[in-house]
Amino acid sequence: MAATGAGSPGRLVQYVVVRSDLVHKLSWPLGAVITQACHAATAAVHLHYGDPDTQQYLADLDHMHKVVLGAPDEAALSGLSETLTQAGVAHKLWIEQPENIPTCLALKPCPKETVQPLMRKFKLFK
């Protein structure tokens, strides 16, 4: 299946939002934070594996598109999760165990134009 062009309507994207304070204030190793993002992205795809958008996203592995954004802290990440839940946007809030710390969230693959307005206040993760 051919990938939809970058500017085309219906472009499927998986947003991943990571707490930037884990690296910049709490001094987590970058590799540990990347691992959290991988956990969340994998879990979101697994939980919504049967979803038509997820299946289309996975059908062309060489053209998957992800956007990794930064949330400044736990409150911002939890607030985004609540906003997404209220808007009916399927996602996985990853909570690291055994510490019970929310570290990131990942949306299931979605058409970019349907979720981008909810993600606008978050900047690319640095």
# chains A, B, ... in the order shown; residues from 1 in each chain; ligands from 1
call {"tool": "residues_around", "arguments": {"residues": "Ala71 in chain A", "least_positions_apart": "2", "cutoff": "6 Å", "atoms": "only C-alpha atoms", "output": "PDB file with N, CA, C and O atoms, in the first residue's frame"}}
result
ATOM      1  N   VAL A  18       6.479  13.117  25.390  1.00  0.00           N
ATOM      2  CA  VAL A  18       7.395  12.700  26.442  1.00  0.00           C
ATOM      3  C   VAL A  18       7.598  13.861  27.422  1.00  0.00           C
ATOM      4  O   VAL A  18       7.723  15.015  26.995  1.00  0.00           O
ATOM      5  N   ARG A  19       7.661  13.546  28.689  1.00  0.00           N
ATOM      6  CA  ARG A  19       7.951  14.574  29.694  1.00  0.00           C
ATOM      7  C   ARG A  19       9.398  15.035  29.549  1.00  0.00           C
ATOM      8  O   ARG A  19      10.332  14.282  29.777  1.00  0.00           O
ATOM      9  N   SER A  20       9.599  16.299  29.192  1.00  0.00           N
ATOM     10  CA  SER A  20      10.957  16.819  29.030  1.00  0.00           C
ATOM     11  C   SER A  20      11.655  17.050  30.366  1.00  0.00           C
ATOM     12  O   SER A  20      12.888  17.038  30.430  1.00  0.00           O
ATOM     13  N   ASP A  73       6.035  18.771  32.114  1.00  0.00           N
ATOM     14  CA  ASP A  73       6.020  18.092  33.415  1.00  0.00           C
ATOM     15  C   ASP A  73       4.857  17.103  33.492  1.00  0.00           C
ATOM     16  O   ASP A  73       4.083  16.961  32.538  1.00  0.00           O
ATOM     17  N   ALA A  76       1.250  18.570  32.924  1.00  0.00           N
ATOM     18  CA  ALA A  76       0.925  18.828  31.521  1.00  0.00           C
ATOM     19  C   ALA A  76       0.608  17.529  30.781  1.00  0.00           C
ATOM     20  O   ALA A  76      -0.329  17.476  29.977  1.00  0.00           O
ATOM     21  N   LEU A  77       1.378  16.487  31.064  1.00  0.00           N
ATOM     22  CA  LEU A  77       1.142  15.196  30.419  1.00  0.00           C
ATOM     23  C   LEU A  77      -0.211  14.618  30.838  1.00  0.00           C
ATOM     24  O   LEU A  77      -0.988  14.165  29.998  1.00  0.00           O
TER      25      LEU A  77
END
call {"tool": "closest_atom_pairs", "arguments": {"of": "range 24-66 of chain A", "to": "range 107-125 of chain A", "cutoff": "6 Å", "atoms": "only C-alpha atoms", "output": "Markdown table"}}
result
| residue | atom | partner | partner_atom | distance |
| --- | --- | --- | --- | --- |
| A:Ala44 | CA | A:Lys108 | CA | 5.3 |
| A:Val45 | CA | A:Lys108 | CA | 5.9 |
| A:Thr54 | CA | A:Pro109 | CA | 5.4 |
call {"tool": "write_last_selection", "arguments": {"atoms": "N, CA, C and O atoms", "output": "short mmCIF file (atom, residue, chain, number, x, y, z; two decimals), in the first residue's frame"}}
result
data_model
loop_
_atom_site.label_atom_id
_atom_site.label_comp_id
_atom_site.auth_asym_id
_atom_site.auth_seq_id
_atom_site.Cartn_x
_atom_site.Cartn_y
_atom_site.Cartn_z
N ALA A 44 0.45 1.53 22.42
CA ALA A 44 -0.68 2.14 21.72
C ALA A 44 -1.02 1.35 20.45
O ALA A 44 -2.19 1.11 20.15
N VAL A 45 0.00 0.93 19.72
CA VAL A 45 -0.25 0.13 18.52
C VAL A 45 -0.85 -1.22 18.90
O VAL A 45 -1.81 -1.69 18.27
N THR A 54 -4.68 1.98 12.31
CA THR A 54 -3.46 1.31 12.75
C THR A 54 -3.01 0.30 11.70
O THR A 54 -1.81 0.23 11.37
#
call {"tool": "select_by_dssp", "arguments": {"residues": "range 29-119 of chain A", "states": "helix (DSSP H, G or I)", "output": "PyMOL selection string"}}
result
chain A and resi 30-47+52-58+61-63+74-86+112-119
call {"tool": "select_by_dssp", "arguments": {"residues": "range 3-51 of chain A", "states": "strand (DSSP E or B)", "output": "ChimeraX atom specification"}}
result
/A:12-19
call {"tool": "residues_around", "arguments": {"residues": "Leu22 in chain A", "least_positions_apart": "4", "cutoff": "10 Å", "atoms": "only C-alpha atoms", "output": "count of residues only"}}
result
13
call {"tool": "closest_residue", "arguments": {"among": "A:Gln55, A:Gly50, A:Lys126, A:Lys92", "to": "Cys104 in chain A", "atoms": "only C-alpha atoms"}}
result
A:Lys92
call {"tool": "atom_distance", "arguments": {"atom1": "CA of Thr83 in chain A", "atom2": "CA of Gln14 in chain A"}}
result
16.8 Å
